[in-house]
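What follows is a set of notes on a single structure, which appears directly below.
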Amino acid sequence: AQSVTQPDIHITVSEGASLELRCNYSYGATPYLFWYVQSPGQGLQLLLKYFSGDTLVQGIKGFEAEFKRSQSSFNLRKPSVHWSDAAEYFCAVGAPGYDYKLSFGAGTTVTVRA
Amino acid sequence: DTGVSQDPRHKITKRGQNVTFRCDPISEHNRLYWYRQTLGQGPEFLTYFQNEAQLEKSRLLSDRFSAERPKGSFSTLEIQRTEQGDSAMYLCASSSGAEAFFGQGTRLTVV
């Protein structure tokens with residue numbers, strides 16, 4: 001079974017500074033990897049996904065993530081955060097070619113200070 | 001198409017009552033998933049359908065929970081004899097492949 005670890009529960013970053021959120025997964029082969037964002041009381045919005053190919057993937061809102069097989073990681077980055085990026089971020093892993101159900105990490109809450 | 005729709009958005013119920021939630025997936029999506037999210041946690045898989053067939057149920061889905069997807073369209077999730085521990089956000093997602101699209105969720109509070 002797949003699993004995901006997000007080591008950072010809460011990150012505070014200044015507006016305009018860079019942001020990196022860590023994600024480590026456990027899966028026997030190359031999984032499908034996702035980053036979702038959730039605003040308070042809302043559903044999940046997909047930021048980006050990795051299925052195969054180029055290990056650096058671009059997403060919406062200026063986010064990017066890099067898949068590193070050797071480290072079983074899929075870290076999310078943004079060069080310059082905006083106050084609107086304050087939210088909770090979830091990394092998720094899915095099993096290719098099976099049921100595509102997702103296993104999520106516990107999430108990282110991002111606070112942006114002015 | 002406006003995406004995955006869930007109804008109601010919020011539900012407050014007394015312990016012991018039954019509740020039912022509805023999910024309308026994106027019309028061409030054959031897969032439909034239910035997840036539960038408690039405060040401070042990531043969503044946890046409950047069950048999924050391919051068309052009208054319920055193909056997997058998590059051990060989190062006790063016998064008080066039942067889900068249906070008649071005719072492979074909308075889905076309902078019913079919780080019987082609600083308990084305070086059922087308080088959570090219930091999320092529905094649909095897909096036609098690996099990428100899932102989530103609804104806004106139904107926030108259940110059991111008092």
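Labels for the structure tokens follow display order: chains A, B, ..., residues from 1 in each chain, ligands from 1.
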Could you list, as a PyMOL selection string, every residue within 7 Å of A:Leu19, counting only C-alpha atoms and ignoring same-chain residues fewer than 6 positions away? chain A and resi 77-79+81
Interface list for chain B, partner chain A, 6 Å threshold, only C-alpha atoms, as a ChimeraX atom specification: /B:41-42,98,102-105
Need to verify the contact set: stretch 1-9 of chain B, 9 Å, only C-alpha atoms, exclusion of same-chain residues closer than 2 positions in sequence. Can you return it as a list in words? Lys11, Phe21, Arg22, Cys23, Asp24, Pro25, Ile26, Ser27, Leu91, Cys92, Ala93, Ser94, Phe101, Phe102, Gly103, Gln104, Gly105, Thr106, Arg107 and Leu108 of chain B
Any idea what's packed within 7 Å of B:Ile79, counting only C-alpha atoms, ignoring anything in its chain fewer than 6 positions away? Could you give it as a count of residues only? 6
Quick one: residues within 10 Å of B:Lys57, only C-alpha atoms counted, chain neighbours fewer than 3 positions away excluded, as a PyMOL selection string? chain B and resi 34+45-49+54+60-62+66-67
If we count only C-alpha atoms, what is near B:Thr13 at a cut-off of 7 Å, once residues fewer than 4 positions away on the same chain are taken out, given as a list in words?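 Returned residues: Gln17, Thr109, Val110 and Val111 of chain B.
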What is the distance, in Å and to one decimal place, between atom CA of A:Ser14 and atom CA of A:Ala87?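 We find that atom CA of A:Ser14 and atom CA of A:Ala87 lie 13.9 Å from each other.
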